[in-house]
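Student: File data_25.txt follows (compact mmCIF, C-alpha atoms and all ligand atoms):
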```txt
# COMPACT_ATOMS: atom_id res chain seq x y z
CA MET A 1 67.43 86.87 75.44
CA CYS A 2 67.57 89.95 77.61
CA ASN A 3 69.51 87.94 80.17
CA VAL A 4 72.04 86.79 77.61
CA THR A 5 72.42 90.35 76.33
CA PHE A 6 72.53 92.30 79.57
CA PHE A 7 73.67 89.91 82.30
CA PRO A 8 77.21 89.72 80.86
CA GLN A 9 77.25 93.53 80.96
CA HIS A 10 76.60 93.28 84.69
CA PHE A 11 79.70 91.12 85.16
CA LEU A 12 81.73 93.43 82.92
CA GLY A 13 80.61 96.40 85.00
CA LEU A 14 81.70 94.68 88.21
CA GLN A 15 85.05 93.97 86.59
CA GLY A 16 85.43 97.66 85.80
CA MET A 17 84.70 98.02 82.09
CA PRO A 18 84.00 101.70 81.28
CA ARG A 19 81.14 102.64 79.01
CA ARG A 20 81.36 103.63 75.35
CA ILE A 21 84.81 102.34 74.54
CA SER A 22 85.72 101.40 71.02
CA ASP A 23 88.32 98.81 71.98
CA TYR A 24 88.68 97.05 75.29
CA PRO A 25 91.26 95.02 77.21
CA ASP A 26 91.22 91.37 76.14
CA ALA A 27 89.80 90.27 79.47
CA PHE A 28 86.51 91.93 78.55
CA ALA A 29 86.19 90.13 75.21
CA GLY A 30 84.59 86.91 76.47
CA TRP A 31 81.47 88.34 78.05
CA ASN A 32 81.14 90.85 75.22
CA ILE A 33 80.94 87.97 72.73
CA VAL A 34 78.18 86.35 74.81
CA SER A 35 76.41 89.70 74.91
CA SER A 36 76.67 90.07 71.13
CA PHE A 37 75.13 86.62 70.62
CA GLY A 38 72.38 87.63 73.04
CA SER A 39 71.60 90.76 71.05
CA ILE A 40 71.50 88.78 67.78
CA ILE A 41 69.16 86.25 69.41
CA SER A 42 66.91 89.01 70.68
CA VAL A 43 66.66 90.60 67.23
CA VAL A 44 65.75 87.19 65.75
CA ALA A 45 63.30 86.55 68.63
CA THR A 46 61.63 89.92 68.12
CA GLY A 47 61.20 89.04 64.45
CA LEU A 48 59.75 85.65 65.41
CA PHE A 49 57.41 87.30 67.93
CA LEU A 50 56.12 89.77 65.35
CA HIS A 51 55.71 86.90 62.89
CA ILE A 52 53.60 84.96 65.44
CA VAL A 53 51.51 88.03 66.21
CA TYR A 54 50.98 88.45 62.47
CA LEU A 55 49.93 84.78 62.11
CA GLN A 56 47.43 85.13 64.94
CA LEU A 57 45.93 88.48 64.06
CA VAL A 58 45.96 88.32 60.29
CA GLY A 59 46.14 84.58 59.58
CA ASN A 60 43.74 83.68 62.41
CA LYS A 61 45.94 80.79 63.47
CA ASN A 62 45.42 79.46 67.01
CA LEU A 63 47.81 78.26 69.71
CA SER A 64 48.67 74.59 70.09
CA ARG A 65 47.06 72.64 72.89
CA TYR A 66 50.12 72.58 75.24
CA PRO A 67 51.73 76.03 75.04
CA TRP A 68 53.90 75.50 78.15
CA TYR A 69 55.38 72.19 77.10
CA ALA A 70 59.20 72.19 77.30
CA PRO A 71 61.44 69.31 76.23
CA PRO A 72 63.42 67.66 79.10
CA VAL A 73 66.95 68.97 79.71
CA PHE A 74 69.81 66.50 79.38
CA TYR A 75 70.88 66.58 83.03
CA ASP A 76 73.70 64.01 82.79
CA TYR A 77 75.42 65.87 80.01
CA LEU A 78 75.13 69.18 81.93
CA GLN A 79 76.67 67.60 85.02
CA ILE A 80 79.65 66.29 83.07
CA LEU A 81 80.17 69.71 81.51
CA LEU A 82 80.07 71.47 84.89
CA SER A 83 82.53 69.15 86.63
CA ARG A 84 85.08 69.80 83.89
CA LEU A 85 85.08 73.53 84.47
CA TYR A 86 87.42 73.51 87.47
CA THR A 87 89.36 76.72 87.66
CA SER A 88 91.49 76.29 90.77
CA LEU A 89 94.18 73.90 91.90
CA GLU A 90 92.25 71.86 94.45
CA TRP A 91 89.90 70.57 91.76
CA CYS A 92 92.68 69.05 89.70
CA LEU A 93 94.06 67.03 92.65
CA ASN A 94 92.88 63.67 93.91
CA SER A 95 91.09 63.62 97.22
CA PRO A 96 92.85 63.38 99.64
CA PRO A 97 95.79 65.00 97.83
CA LYS A 98 99.31 63.59 97.86
CA VAL A 99 101.90 65.43 99.97
CA HIS A 100 104.02 66.54 97.03
CA ALA A 101 101.46 66.86 94.30
CA PHE A 102 103.40 69.15 91.98
CA VAL A 103 106.96 68.84 90.72
CA SER A 104 107.13 72.46 89.56
CA LEU A 105 105.21 75.56 90.60
CA PRO A 106 101.73 75.20 89.10
CA LEU A 107 100.26 78.19 87.27
CA SER A 108 96.52 78.51 87.46
CA SER A 109 94.64 79.50 84.36
CA SER A 110 91.08 80.60 84.11
CA PHE A 111 88.11 78.99 82.37
CA LYS A 112 89.70 76.24 80.34
CA LEU A 113 86.89 75.81 77.81
CA PHE A 114 87.29 79.07 75.96
CA SER A 115 90.49 80.81 76.89
CA ILE A 116 93.39 79.07 75.19
CA SER A 117 94.95 82.45 74.45
CA THR A 118 94.63 83.72 78.01
CA ILE A 119 96.51 81.14 80.06
CA PHE A 120 98.36 83.63 82.22
CA VAL A 121 99.28 83.68 85.83
CA SER A 122 96.10 84.77 87.55
CA LEU A 123 95.97 88.56 88.04
CA CYS A 124 94.07 89.98 90.97
CA ASP A 125 94.08 93.68 90.23
CA ALA A 126 93.08 93.76 86.59
CA PRO A 127 89.91 92.54 84.91
CA LYS A 128 89.91 88.74 84.47
CA PRO A 129 88.62 86.93 81.39
CA TRP A 130 85.12 85.68 82.16
CA GLY A 131 85.23 87.43 85.52
CA LEU A 132 81.93 87.45 87.38
CA TYR A 133 82.63 89.72 90.28
CA PHE A 134 84.57 92.76 91.47
CA GLN A 135 88.33 92.90 91.17
CA ASP A 136 90.04 92.19 94.50
CA SER A 137 89.70 95.26 96.65
CA ALA A 138 92.77 97.10 97.93
CA SER A 139 91.26 99.99 99.88
CA PRO A 140 88.82 100.34 102.79
CA GLN A 141 86.35 102.21 100.58
CA MET A 142 86.26 99.36 98.08
CA GLU A 143 85.67 96.85 100.89
CA ALA A 144 82.69 98.94 101.97
CA LEU A 145 81.41 99.23 98.40
CA ILE A 146 81.55 95.47 97.89
CA GLU A 147 79.69 94.98 101.15
CA LEU A 148 77.01 97.47 100.08
CA HIS A 149 76.67 95.66 96.77
CA ASN A 150 76.20 92.33 98.57
CA ASP A 151 73.66 93.88 100.95
CA ILE A 152 71.61 95.22 98.06
CA MET A 153 71.89 91.91 96.20
CA PHE A 154 70.19 90.28 99.20
CA TYR A 155 67.09 92.40 98.64
CA LEU A 156 67.39 91.89 94.91
CA PHE A 157 67.31 88.12 95.26
CA ALA A 158 64.40 88.29 97.69
CA ILE A 159 62.47 90.38 95.12
CA LEU A 160 63.54 88.13 92.25
CA PHE A 161 62.30 84.99 93.99
CA SER A 162 59.03 86.44 95.27
CA VAL A 163 58.12 87.99 91.90
CA GLY A 164 59.26 84.80 90.15
CA TRP A 165 57.10 82.73 92.47
CA ILE A 166 54.07 84.94 91.77
CA LEU A 167 54.67 84.67 88.02
CA LEU A 168 55.08 80.90 88.12
CA SER A 169 52.00 80.37 90.24
CA ILE A 170 49.98 82.55 87.88
CA ILE A 171 51.21 80.47 84.98
CA ARG A 172 50.45 77.24 86.89
CA ASN A 173 47.03 78.18 88.22
CA PHE A 174 45.51 80.32 85.55
CA VAL A 175 46.31 78.62 82.28
CA TYR A 176 43.17 78.27 80.23
CA PRO A 177 42.84 74.53 79.41
CA TYR A 178 43.44 73.41 83.03
CA ASN A 179 41.51 76.08 84.91
CA LYS A 180 38.56 77.28 82.96
CA ILE A 181 36.90 79.50 85.58
CA SER A 182 39.97 80.92 87.27
CA ASN A 183 39.03 84.53 86.47
CA LYS A 184 35.90 84.43 88.58
CA TYR A 185 37.45 85.81 91.80
CA LEU A 186 40.06 88.10 90.25
CA ASN A 187 38.66 91.45 91.28
CA HIS A 188 40.19 93.81 93.83
CA GLY A 189 42.14 93.18 97.01
CA THR A 190 42.70 96.34 99.05
CA LEU A 191 44.98 94.61 101.53
CA ILE A 192 47.25 93.02 98.94
CA GLU A 193 47.43 96.31 97.04
CA LEU A 194 48.49 98.10 100.20
CA ILE A 195 51.13 95.44 100.87
CA TRP A 196 52.64 95.58 97.40
CA THR A 197 52.78 99.37 97.44
CA ILE A 198 54.25 99.88 100.89
CA THR A 199 56.74 96.99 100.93
CA PRO A 200 58.84 98.31 98.00
CA ALA A 201 58.96 101.75 99.66
CA LEU A 202 60.24 100.18 102.89
CA ILE A 203 62.83 98.18 100.97
CA LEU A 204 64.03 101.36 99.23
CA ILE A 205 64.44 103.10 102.60
CA LEU A 206 66.36 100.10 103.95
CA ILE A 207 68.72 100.32 100.98
CA ALA A 208 69.03 104.11 101.13
CA PHE A 209 70.44 104.27 104.68
CA PRO A 210 73.67 102.28 104.17
CA SER A 211 74.00 103.77 100.69
CA PHE A 212 73.96 107.42 101.86
CA LYS A 213 76.21 106.62 104.80
CA LEU A 214 78.83 105.22 102.46
CA LEU A 215 78.38 108.04 99.95
CA TYR A 216 79.23 110.73 102.52
CA LEU A 217 81.97 108.61 104.06
CA MET A 218 83.70 108.29 100.70
CA ASP A 219 83.48 112.04 100.08
CA GLU A 220 85.66 112.65 103.11
CA VAL A 221 89.32 113.40 102.38
CA THR A 222 91.25 112.37 105.47
CA ASP A 223 94.48 114.27 106.24
CA PRO A 224 96.53 113.31 103.21
CA ASN A 225 100.23 112.50 103.60
CA LEU A 226 100.78 112.78 99.89
CA THR A 227 99.11 114.66 97.05
CA VAL A 228 99.24 113.74 93.40
CA ILE A 229 97.80 116.00 90.72
CA VAL A 230 96.24 114.07 87.88
CA GLU A 231 95.54 115.80 84.60
CA GLY A 232 93.60 114.18 81.78
CA HIS A 233 94.57 115.01 78.21
CA GLN A 234 93.40 113.82 74.82
CA TRP A 235 94.63 111.03 75.14
CA TYR A 236 97.00 110.41 78.00
CA TRP A 237 97.30 111.19 81.70
CA SER A 238 99.93 113.37 83.30
CA TYR A 239 100.89 113.19 86.96
CA GLN A 240 102.52 115.71 89.27
CA TYR A 241 103.88 114.96 92.76
CA ILE A 242 103.58 118.41 94.30
CA ASP A 243 105.13 117.42 97.64
CA PHE A 244 108.54 116.71 96.13
CA LEU A 245 111.11 118.62 94.08
CA ASN A 246 113.67 117.01 91.82
CA SER A 247 117.34 118.01 91.49
CA ASP A 248 116.40 120.93 89.20
CA ASP A 249 114.04 122.29 91.88
CA GLU A 250 110.98 121.37 89.84
CA TYR A 251 108.00 119.26 90.75
CA ILE A 252 108.27 115.63 89.87
CA GLU A 253 105.97 115.24 86.90
CA TYR A 254 105.57 112.99 83.92
CA ASP A 255 103.14 111.86 81.23
CA SER A 256 101.73 108.38 81.05
CA TYR A 257 100.82 106.89 77.67
CA LEU A 258 99.30 103.61 76.57
CA VAL A 259 101.84 101.02 75.48
CA PRO A 260 100.80 100.19 71.88
CA GLU A 261 100.17 96.59 70.94
CA SER A 262 103.38 96.32 68.93
CA ASP A 263 105.54 97.25 71.95
CA LEU A 264 103.95 94.96 74.52
CA THR A 265 106.22 92.61 76.42
CA ALA A 266 105.14 89.06 77.33
CA GLY A 267 102.52 89.01 80.05
CA SER A 268 101.58 92.69 79.93
CA LEU A 269 97.98 93.57 79.28
CA ARG A 270 96.81 95.02 75.98
CA MET A 271 94.94 98.37 76.32
CA LEU A 272 95.88 98.56 80.03
CA GLU A 273 99.66 98.85 80.24
CA VAL A 274 101.27 102.32 80.31
CA ASP A 275 104.84 103.55 79.86
CA ASN A 276 105.00 105.46 83.17
CA ARG A 277 102.99 104.14 86.07
CA VAL A 278 101.84 106.09 89.11
CA ILE A 279 104.06 104.94 91.98
CA LEU A 280 102.52 105.20 95.44
CA PRO A 281 103.53 103.95 98.89
CA GLU A 282 101.18 101.44 100.48
CA LEU A 283 99.36 102.23 103.75
CA THR A 284 99.56 105.97 103.14
CA HIS A 285 96.67 108.40 102.91
CA THR A 286 96.98 109.74 99.41
CA ARG A 287 94.96 112.46 97.76
CA PHE A 288 94.43 112.75 94.04
CA MET A 289 93.58 116.20 92.73
CA VAL A 290 91.95 115.50 89.39
CA THR A 291 91.58 117.93 86.52
CA ALA A 292 91.69 117.98 82.73
CA ALA A 293 93.40 120.07 80.09
CA ASP A 294 90.94 119.81 77.22
CA VAL A 295 87.68 117.87 77.60
CA ILE A 296 86.03 115.92 80.42
CA HIS A 297 87.78 112.69 81.35
CA SER A 298 87.29 110.41 84.33
CA PHE A 299 90.06 108.97 86.48
CA ALA A 300 88.94 105.47 87.48
CA VAL A 301 90.62 102.50 89.15
CA PRO A 302 88.09 99.81 90.15
CA ALA A 303 90.19 97.89 92.71
CA LEU A 304 90.79 101.11 94.67
CA SER A 305 87.22 102.41 94.26
CA ILE A 306 88.47 105.53 92.52
CA LYS A 307 86.14 107.15 90.00
CA CYS A 308 86.57 110.87 89.75
CA ASP A 309 85.56 113.11 86.87
CA ALA A 310 88.29 115.32 85.46
CA TYR A 311 86.97 118.72 84.32
CA PRO A 312 88.94 121.41 82.55
CA GLY A 313 89.33 124.41 84.87
CA ARG A 314 88.19 122.61 88.00
CA LEU A 315 89.92 120.55 90.69
CA ASN A 316 88.16 117.46 92.03
CA GLN A 317 89.69 115.46 94.80
CA VAL A 318 89.49 111.85 95.83
CA SER A 319 91.35 110.14 98.62
CA VAL A 320 92.67 106.61 98.67
CA HIS A 321 94.43 104.44 101.21
CA ILE A 322 95.95 101.44 99.44
CA ASN A 323 96.20 98.64 101.96
CA ARG A 324 98.64 96.36 100.15
CA GLU A 325 101.30 96.27 97.46
CA GLY A 326 100.08 95.61 93.97
CA LEU A 327 99.56 96.88 90.46
CA PHE A 328 96.14 98.35 89.86
CA TYR A 329 94.70 99.03 86.43
CA GLY A 330 91.97 101.41 85.41
CA GLN A 331 90.73 103.28 82.37
CA CYS A 332 89.36 106.68 81.50
CA SER A 333 85.66 106.40 82.18
CA GLU A 334 84.11 109.41 80.51
CA ILE A 335 83.97 109.44 76.74
CA CYS A 336 86.56 112.00 75.65
CA GLY A 337 87.08 111.48 71.96
CA ILE A 338 88.28 108.95 69.47
CA LEU A 339 91.05 107.46 71.65
CA HIS A 340 88.95 107.37 74.83
CA SER A 341 89.79 103.69 75.24
CA SER A 342 93.51 104.31 74.83
CA MET A 343 94.31 106.23 78.01
CA PRO A 344 94.54 103.58 80.73
CA ILE A 345 95.75 104.15 84.27
CA ALA A 346 98.27 101.95 86.10
CA ILE A 347 98.93 102.56 89.77
CA GLN A 348 101.72 100.60 91.40
CA SER A 349 101.68 100.42 95.17
CA VAL A 350 105.08 99.68 96.73
CA SER A 351 106.59 99.64 100.20
CA LEU A 352 107.64 103.00 101.66
CA GLU A 353 111.36 102.18 101.22
CA LYS A 354 110.90 101.38 97.56
CA PHE A 355 108.85 104.54 97.11
CA LEU A 356 111.67 106.65 98.60
CA LEU A 357 114.19 104.92 96.32
CA TRP A 358 111.97 105.71 93.34
CA LEU A 359 111.66 109.35 94.48
CA ASN A 360 115.47 109.60 94.70
CA SER A 361 115.83 108.35 91.15
CA GLN A 362 113.56 111.11 89.80
CU CU B 1 89.57 110.40 78.62
```
In structure tokens, write the structure found in this file.
Tutor:
Amino acid sequence: MCNVTFFPQHFLGLQGMPRRISDYPDAFAGWNIVSSFGSIISVVATGLFLHIVYLQLVGNKNLSRYPWYAPPVFYDYLQILLSRLYTSLEWCLNSPPKVHAFVSLPLSSSFKLFSISTIFVSLCDAPKPWGLYFQDSASPQMEALIELHNDIMFYLFAILFSVGWILLSIIRNFVYPYNKISNKYLNHGTLIELIWTITPALILILIAFPSFKLLYLMDEVTDPNLTVIVEGHQWYWSYQYIDFLNSDDEYIEYDSYLVPESDLTAGSLRMLEVDNRVILPELTHTRFMVTAADVIHSFAVPALSIKCDAYPGRLNQVSVHINREGLFYGQCSEICGILHSSMPIAIQSVSLEKFLLWLNSQ
């Protein structure tokens, strides 16, 4: 039950869902539904557990003879279900594929079982429905973060399997009806206690080294070629390009609001699309100076590994080097009031020529 409730939250976190939002982009809905079912199941299970405890303690009712008995899983049915879940083109072709397999350009959709409403062209730089992993990275920092995550997951799986193995062998070897005197030798073991105290400490140190290295590396702001001032407001972002003046000799600046559901055009993302995007050149060291006008906000774009708190009366800075063209979505990630979920961020990375053209038009 805990897994059903919290594991989807893990995937949602990887996909970039901020905490404490009242309404979320549609891509996040799928796993949230699973999570809701999980929480309902765990409430029911807690009730059942208390009921069983009551039966045993008050009603004096004993356990059945085979407490670990589980009915067999229907393997064939599971296999059929799995092989139907293909999500990419190669799985819908025969093997070996024909030379001209498609008459028109095929559009890939994700997770056919549930998402009839979300058959879009696959987006790389926004959360995906039923996404399990990070959004595609577009900056060196994000590459490093993903690598750190995978490194730590290695230890996590090692721990999961060793603890799981211990649990299973305890269940197998020390169940009452099969092993009546198994408690006889369960006393103390100085050596094993030393091992299980020191090993976790060593693992923590192993994790800490790459983690701190990356932390300090990401704090570094390398010689920026371009500075953008980001100001969080209740409930929109405003941007200022302080390196450039427009024809009236003023800084280029504009506000960026959420596009409401009624004004969305086909294909744009609900709760993520804005009226004025941040336009940045690719392959350029850019610095964001982040601040806020009223309350604390947080400027966050998962694909670029940006997450920077915006405080009133204080300038924070974060540097980013976008390594390809693309459209990157993020959301305010610090609860800032009733419309916290309605102040998304859209950063469009374009070639330098296009960026200059855009500057000229300002
Ligand atoms: Cu905010």
Student: Taking all atoms listed in the file into account, produce a table as CSV in which each residue of chain A with an atom at most 9 Å from an atom of ligand CU 1 (chain B) appears once, together with its shortest atom pair and the distance in Å to one decimal, ordered by chain and rising number.
Tutor:
```
residue,atom,partner,partner_atom,distance
A:Gly232,CA,B:CU1,CU,6.4
A:His233,CA,B:CU1,CU,6.8
A:Gln234,CA,B:CU1,CU,6.4
A:Trp235,CA,B:CU1,CU,6.2
A:Tyr236,CA,B:CU1,CU,7.5
A:Trp237,CA,B:CU1,CU,8.4
A:Ala292,CA,B:CU1,CU,8.9
A:Val295,CA,B:CU1,CU,7.8
A:Ile296,CA,B:CU1,CU,6.8
A:His297,CA,B:CU1,CU,4.0
A:Ser298,CA,B:CU1,CU,6.1
A:Phe299,CA,B:CU1,CU,8.0
A:Ala310,CA,B:CU1,CU,8.5
A:Gln331,CA,B:CU1,CU,8.1
A:Cys332,CA,B:CU1,CU,4.7
A:Ser333,CA,B:CU1,CU,6.6
A:Glu334,CA,B:CU1,CU,5.9
A:Ile335,CA,B:CU1,CU,6.0
A:Cys336,CA,B:CU1,CU,4.5
A:Gly337,CA,B:CU1,CU,7.2
A:Leu339,CA,B:CU1,CU,7.7
A:His340,CA,B:CU1,CU,4.9
A:Ser341,CA,B:CU1,CU,7.5
A:Ser342,CA,B:CU1,CU,8.2
A:Met343,CA,B:CU1,CU,6.3
A:Pro344,CA,B:CU1,CU,8.7
```
Student: Tell me which of A:Met289, A:Ile203, A:Met17, A:Leu283 sits closest to Leu156 of chain A, counting only C-alpha atoms.
Tutor: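 Among A:Met289, A:Ile203, A:Met17, A:Leu283, it is A:Ile203 that comes nearest to Leu156 of chain A.
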Student: Fewer than 5 positions away in the same chain doesn't count, so skip those; otherwise give me all residues within 10 Å of segment 159-170 of chain A, counting all atoms listed in the file, as a PyMOL selection string.
Tutor: chain A and resi 153-154+175+200+203
Student: If you count all atoms listed in the file, which residues fall within 9 Å of segment 135-143 of chain A, apart from same-chain ones fewer than 4 positions away, as number ranges by chain?
Tutor: A: 14-16, 124-128, 131, 147-148, 214, 217-218, 302-306, 320-326, 328
Student: Using atom CA of Ala201 of chain A and atom CA of Tyr155 of chain A as the two end points, give the distance in Å to one decimal.
Tutor: 12.4 Å
Student: One decimal, in Å: what's the spacing between atom CA of Arg19 of chain A and atom CA of Val4 of chain A?
Tutor: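 Interatomic distance here is 18.3 Å.
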Student: Report, in Å to a single decimal, how far apart atom CA of Leu258 of chain A and atom CA of Asp243 of chain A are.
Tutor: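 About the pair atom CA of Asp243 of chain A and atom CA of Leu258 of chain A: they are 25.9 Å apart.
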